[in-house]
$ cat data_17.pdb   # PDB, C-alpha atoms
ATOM      1  CA  MET A 208      63.715 -18.915-139.200
ATOM      2  CA  GLU A 209      62.296 -17.382-136.028
ATOM      3  CA  ASP A 210      63.442 -20.459-134.054
ATOM      4  CA  THR A 211      66.976 -19.885-135.314
ATOM      5  CA  PHE A 212      66.934 -16.290-134.087
ATOM      6  CA  SER A 213      65.487 -17.389-130.751
ATOM      7  CA  ASN A 214      68.267 -19.958-130.314
ATOM      8  CA  LEU A 215      70.909 -17.419-131.332
ATOM      9  CA  ALA A 216      69.575 -14.935-128.806
ATOM     10  CA  THR A 217      69.592 -17.648-126.133
ATOM     11  CA  TYR A 218      72.915 -19.343-126.882
ATOM     12  CA  GLY A 219      74.571 -16.696-129.028
ATOM     13  CA  TYR A 220      76.416 -15.028-126.173
ATOM     14  CA  ILE A 221      77.907 -18.339-125.037
ATOM     15  CA  GLY A 222      78.965 -19.160-128.589
ATOM     16  CA  LEU A 223      80.383 -15.669-129.010
ATOM     17  CA  PHE A 224      82.473 -16.068-125.862
ATOM     18  CA  LEU A 225      83.812 -19.495-126.824
ATOM     19  CA  TYR A 226      84.553 -18.514-130.414
ATOM     20  CA  SER A 227      86.202 -15.248-129.382
ATOM     21  CA  LEU A 228      88.698 -17.101-127.187
ATOM     22  CA  GLY A 229      90.490 -18.134-130.364
ATOM     23  CA  GLY A 230      89.703 -15.261-132.699
ATOM     24  CA  GLY A 231      86.030 -14.516-132.957
ATOM     25  CA  PHE A 232      85.908 -12.311-136.046
ATOM     26  CA  VAL A 233      82.986 -14.148-137.667
ATOM     27  CA  ALA A 234      81.046 -14.513-134.409
ATOM     28  CA  LEU A 235      81.474 -10.833-133.578
ATOM     29  CA  VAL A 236      80.335  -9.773-137.043
ATOM     30  CA  GLY A 237      77.351 -12.101-136.683
ATOM     31  CA  ALA A 238      76.546 -10.636-133.271
ATOM     32  CA  GLY A 239      76.794  -7.119-134.718
ATOM     33  CA  VAL A 240      74.351  -7.992-137.489
ATOM     34  CA  LEU A 241      71.984  -9.689-135.037
ATOM     35  CA  SER A 242      72.213  -6.582-132.845
ATOM     36  CA  PHE A 243      71.287  -4.497-135.884
ATOM     37  CA  MET A 244      68.263  -6.776-136.333
ATOM     38  CA  GLY A 245      67.323  -6.360-132.662
ATOM     39  CA  LYS A 246      68.021  -9.992-131.705
ATOM     40  CA  MET A 247      71.095  -9.381-129.528
ATOM     41  CA  ASP A 248      72.484  -6.503-127.474
ATOM     42  CA  LEU A 249      75.400  -4.755-129.185
ATOM     43  CA  SER A 250      77.208  -3.471-126.099
ATOM     44  CA  LEU A 251      76.962  -6.852-124.366
ATOM     45  CA  SER A 252      78.223  -8.613-127.506
ATOM     46  CA  ILE A 253      81.201  -6.268-127.787
ATOM     47  CA  MET A 254      82.056  -6.708-124.102
ATOM     48  CA  ILE A 255      81.839 -10.505-124.283
ATOM     49  CA  ALA A 256      84.004 -10.641-127.412
ATOM     50  CA  PHE A 257      86.502  -8.218-125.863
ATOM     51  CA  PHE A 258      86.910 -10.205-122.636
ATOM     52  CA  ALA A 259      87.090 -13.576-124.387
ATOM     53  CA  ASN A 260      89.607 -12.364-126.961
ATOM     54  CA  ALA A 261      91.842 -10.789-124.315
ATOM     55  CA  ILE A 262      91.659 -13.910-122.129
ATOM     56  CA  GLY A 263      92.359 -16.219-125.079
ATOM     57  CA  ASP A 264      95.558 -14.460-126.078
ATOM     58  CA  VAL A 265      96.786 -14.239-122.487
ATOM     59  CA  LEU A 266      96.187 -17.990-122.138
ATOM     60  CA  LEU A 267      98.150 -18.665-125.336
ATOM     61  CA  PHE A 268     101.008 -16.471-124.067
ATOM     62  CA  TYR A 269     100.944 -18.207-120.674
ATOM     63  CA  MET A 270     100.880 -21.701-122.198
ATOM     64  CA  ALA A 271     103.807 -20.853-124.485
ATOM     65  CA  ARG A 272     105.790 -19.337-121.615
ATOM     66  CA  TYR A 273     105.235 -22.057-119.015
ATOM     67  CA  GLN A 274     104.328 -25.146-121.077
ATOM     68  CA  LYS A 275     106.938 -24.829-123.844
ATOM     69  CA  SER A 276     107.472 -28.533-124.432
ATOM     70  CA  MET A 277     103.746 -29.207-124.820
ATOM     71  CA  MET A 278     103.252 -26.192-127.101
ATOM     72  CA  MET A 279     106.267 -26.985-129.279
ATOM     73  CA  GLU A 280     105.069 -30.551-129.746
ATOM     74  CA  GLY A 281     101.736 -29.240-131.039
ATOM     75  CA  LEU A 282     103.417 -26.645-133.255
ATOM     76  CA  ARG A 283     105.856 -29.026-134.904
ATOM     77  CA  LYS A 284     104.048 -28.751-138.259
ATOM     78  CA  HIS A 285     103.874 -24.955-138.007
ATOM     79  CA  ARG A 286     107.546 -24.143-137.403
ATOM     80  CA  ARG A 287     107.815 -21.909-140.456
ATOM     81  CA  LYS A 288     104.690 -19.964-139.510
ATOM     82  CA  LEU A 289     106.067 -19.565-136.011
ATOM     83  CA  ALA A 290     109.342 -18.306-137.497
ATOM     84  CA  LEU A 291     107.348 -15.844-139.620
ATOM     85  CA  SER A 292     105.676 -14.647-136.416
ATOM     86  CA  HIS A 293     109.098 -14.048-134.835
ATOM     87  CA  VAL A 294     110.242 -12.097-137.897
ATOM     88  CA  MET A 295     107.081  -9.986-137.794
ATOM     89  CA  MET A 296     107.621  -9.394-134.086
ATOM     90  CA  LYS A 297     111.150  -8.109-134.720
ATOM     91  CA  ARG A 298     110.023  -5.973-137.654
ATOM     92  CA  TYR A 299     106.962  -4.346-136.072
ATOM     93  CA  GLY A 300     107.790  -4.573-132.370
ATOM     94  CA  SER A 301     104.910  -4.179-129.944
ATOM     95  CA  TRP A 302     102.595  -3.019-132.741
ATOM     96  CA  ILE A 303     102.277  -6.643-133.839
ATOM     97  CA  ILE A 304     100.069  -7.273-130.802
ATOM     98  CA  LEU A 305      97.502  -4.881-132.297
ATOM     99  CA  PHE A 306      98.009  -5.984-135.919
ATOM    100  CA  GLN A 307      97.604  -9.679-135.169
ATOM    101  CA  LYS A 308      94.018  -9.172-134.025
ATOM    102  CA  PHE A 309      93.083  -8.170-137.568
ATOM    103  CA  VAL A 310      95.124 -10.684-139.590
ATOM    104  CA  TYR A 311      93.592 -14.100-140.005
ATOM    105  CA  GLY A 312      96.159 -16.885-140.016
ATOM    106  CA  ILE A 313      98.605 -15.410-137.506
ATOM    107  CA  LYS A 314      96.152 -14.457-134.772
ATOM    108  CA  THR A 315      96.964 -17.467-132.588
ATOM    109  CA  LEU A 316     100.635 -17.731-133.521
ATOM    110  CA  ILE A 317     101.733 -14.247-132.448
ATOM    111  CA  PRO A 318     100.848 -14.652-128.725
ATOM    112  CA  ILE A 319     102.576 -18.044-128.777
ATOM    113  CA  ALA A 320     105.655 -16.602-130.468
ATOM    114  CA  ILE A 321     105.775 -13.738-127.967
ATOM    115  CA  GLY A 322     105.304 -16.175-125.091
ATOM    116  CA  LEU A 323     108.333 -18.151-126.258
ATOM    117  CA  THR A 324     110.521 -15.056-125.942
ATOM    118  CA  LYS A 325     111.493 -13.046-122.860
ATOM    119  CA  TYR A 326     108.841 -10.407-123.587
ATOM    120  CA  ASP A 327     107.437  -8.905-120.380
ATOM    121  CA  PHE A 328     104.099 -10.473-119.424
ATOM    122  CA  LYS A 329     102.657  -7.272-117.923
ATOM    123  CA  LYS A 330     103.494  -5.274-121.030
ATOM    124  CA  PHE A 331     101.937  -7.972-123.227
ATOM    125  CA  ALA A 332      98.805  -8.110-121.072
ATOM    126  CA  ILE A 333      98.302  -4.321-121.171
ATOM    127  CA  LEU A 334      98.859  -4.087-124.925
ATOM    128  CA  ASN A 335      96.674  -7.157-125.483
ATOM    129  CA  VAL A 336      93.763  -5.674-123.506
ATOM    130  CA  PHE A 337      94.037  -2.426-125.469
ATOM    131  CA  SER A 338      94.228  -4.341-128.768
ATOM    132  CA  ALA A 339      91.263  -6.552-127.872
ATOM    133  CA  ALA A 340      89.207  -3.441-127.082
ATOM    134  CA  VAL A 341      90.093  -1.840-130.434
ATOM    135  CA  TRP A 342      89.360  -5.112-132.257
ATOM    136  CA  ALA A 343      85.986  -5.591-130.553
ATOM    137  CA  LEU A 344      84.903  -2.009-131.174
ATOM    138  CA  VAL A 345      85.993  -1.983-134.824
ATOM    139  CA  PHE A 346      84.296  -5.240-135.784
ATOM    140  CA  GLY A 347      81.323  -4.923-133.431
ATOM    141  CA  LEU A 348      80.405  -1.378-134.413
ATOM    142  CA  GLY A 349      81.442  -1.916-138.031
ATOM    143  CA  SER A 350      79.137  -4.896-138.462
ATOM    144  CA  TYR A 351      76.316  -3.133-136.624
ATOM    145  CA  PHE A 352      76.471  -0.060-138.852
ATOM    146  CA  SER A 353      76.907  -2.261-141.939
ATOM    147  CA  GLY A 354      73.977  -4.407-140.828
ATOM    148  CA  SER A 355      71.599  -3.559-143.672
ATOM    149  CA  PHE A 356      74.279  -4.262-146.299
ATOM    150  CA  LEU A 357      75.283  -7.552-144.630
ATOM    151  CA  VAL A 358      71.645  -8.676-144.341
ATOM    152  CA  GLU A 359      71.135  -7.973-148.055
ATOM    153  CA  LEU A 360      74.360  -9.833-148.856
ATOM    154  CA  ALA A 361      73.132 -12.806-146.830
ATOM    155  CA  LYS A 362      69.870 -12.775-148.826
ATOM    156  CA  VAL A 363      71.796 -12.782-152.119
ATOM    157  CA  ILE A 364      73.972 -15.664-150.933
ATOM    158  CA  GLY A 365      70.821 -17.462-149.747
ATOM    159  CA  ASP A 366      69.272 -17.098-153.206
ATOM    160  CA  LYS A 367      72.496 -18.182-154.938
ATOM    161  CA  PRO A 368      74.139 -20.716-152.601
ATOM    162  CA  TRP A 369      77.064 -21.364-154.970
ATOM    163  CA  ILE A 370      78.508 -17.935-154.094
ATOM    164  CA  ALA A 371      79.453 -18.817-150.485
ATOM    165  CA  PRO A 372      81.739 -21.777-151.320
ATOM    166  CA  MET A 373      83.311 -19.750-154.110
ATOM    167  CA  ILE A 374      84.116 -16.900-151.701
ATOM    168  CA  LEU A 375      85.508 -19.362-149.151
ATOM    169  CA  VAL A 376      87.704 -21.088-151.754
ATOM    170  CA  ILE A 377      89.048 -17.748-153.013
ATOM    171  CA  PHE A 378      89.690 -16.430-149.491
ATOM    172  CA  GLY A 379      91.132 -19.715-148.216
ATOM    173  CA  GLY A 380      93.268 -20.179-151.316
ATOM    174  CA  GLY A 381      94.596 -16.639-151.112
ATOM    175  CA  LEU A 382      95.455 -17.079-147.440
ATOM    176  CA  TRP A 383      97.112 -20.421-148.139
ATOM    177  CA  LEU A 384      99.179 -18.950-151.005
ATOM    178  CA  TYR A 385     100.274 -16.025-148.848
ATOM    179  CA  MET A 386     101.327 -18.286-145.973
ATOM    180  CA  GLU A 387     103.167 -20.618-148.361
ATOM    181  CA  LYS A 388     105.046 -17.705-149.923
ATOM    182  CA  ALA A 389     105.759 -15.970-146.615
ATOM    183  CA  THR A 390     107.057 -19.129-144.941
ATOM    184  CA  LYS A 391     108.906 -20.585-147.941
ATOM    185  CA  LYS A 392     112.528 -21.400-147.308
ATOM    186  CA  LYS A 393     114.783 -18.856-149.010
ATOM    187  CA  VAL A 394     117.607 -20.293-151.105
ATOM    188  CA  LYS A 395     120.886 -18.399-150.673
ATOM    189  CA  LYS A 396     123.011 -17.925-153.773
TER     190      LYS A 396
END
$ encode --input "data_17.pdb" --output "structure tokens"
Amino acid sequence: MEDTFSNLATYGYIGLFLYSLGGGFVALVGAGVLSFMGKMDLSLSIMIAFFANAIGDVLLFYMARYQKSMMMEGLRKHRRKLALSHVMMKRYGSWIILFQKFVYGIKTLIPIAIGLTKYDFKKFAILNVFSAAVWALVFGLGSYFSGSFLVELAKVIGDKPWIAPMILVIFGGGLWLYMEKATKKKVKK
């Protein structure tokens, strides 16, 4: 177990950066818990996750804006989810840039959807940096201050390994059902 913590302390920051480019919620929570345990530095973890998350969304926006044909080819199967992202963008306006950081399943689609529109890049970049900072602080500090609870939860799941797959199936199934319902084609009468 001590070898695992040593490896996480050594390579954890690199993994946190790479994982945060595309979301990073789980890695940031893990880094917060490891910071609580004294194995990683909390402020450094939050900064790394913040920078990577902000860079990742700017890259998605940029790719959608200037590499449309390549992006659309890759998103062919996700047209309905992309349409849902456009609807959410119209409904919530610029607030969606903040909301998308906290909603699993649309986190990567919103910057792409915004990039496909004529939305101002500078405005997106400023709002994205602010949103990434809020996201990193909420999950980094939240997991750090919830560290004792999360460590105890990990022990319970370690003692009863059937709980983790059950949680994943329930969460994944719920997310899948929501996305199916939200992106289902409406029949006009």
$ atom_distance --input "data_17.pdb" --atom1 "atom CA of Lys308 of chain A" --atom2 "atom CA of Gly379 of chain A"
17.9 Å
$ residues_near_point --input "data_17.pdb" --point "(100.0, -16.0, -131.8)" --cutoff "12 Å" --atoms "only C-alpha atoms" --output "PyMOL selection string"
chain A and resi 229-230+263-271+278+282+285+288-293+295-296+303-323+331+335
$ atom_distance --input "data_17.pdb" --atom1 "atom CA of Phe346 of chain A" --atom2 "atom CA of Gly239 of chain A"
7.8 Å
$ resolve_selection --input "data_17.pdb" --expression "the PyMOL selection byres ((chain A and resi 227) around 9)" --output "list in words"
Gly222, Leu223, Phe224, Leu225, Tyr226, Leu228, Gly229, Gly230, Gly231, Phe232, Val233, Ala234, Leu235, Ile255, Ala256, Phe257, Phe258, Ala259, Asn260, Ala261 and Gly263 of chain A
$ residues_near_point --input "data_17.pdb" --point "(69.7, -3.3, -137.7)" --cutoff "7 Å" --atoms "only C-alpha atoms" --output "MDAnalysis selection string"
chainID A and resid 240 242:245 351 354:355
$ atom_distance --input "data_17.pdb" --atom1 "atom CA of Met386 of chain A" --atom2 "atom CA of Gly281 of chain A"
18.5 Å
$ closest_residue --input "data_17.pdb" --among "A:Tyr273, A:Phe378, A:Tyr299, A:Phe352" --to "Phe328 of chain A" --atoms "all atoms listed in the file"
A:Tyr273
$ resolve_selection --input "data_17.pdb" --expression "the PyMOL selection byres ((chain A and resi 347) around 8)" --output "PyMOL selection string"
chain A and resi 235-236+238-239+249+252-253+343-346+348-351
$ closest_residue --input "data_17.pdb" --among "A:Arg286, A:Lys388, A:Lys362, A:Lys330" --to "Trp302 of chain A" --atoms "all atoms listed in the file"
A:Lys330
$ axis_aligned_box --input "data_17.pdb" --around "segment 341-354 of chain A" --padding-each-side "8 Å" --output "AutoDock Vina command-line options"
--center_x 82.0 --center_y -2.8 --center_z -136.2 --size_x 32.1 --size_y 21.5 --size_z 27.5
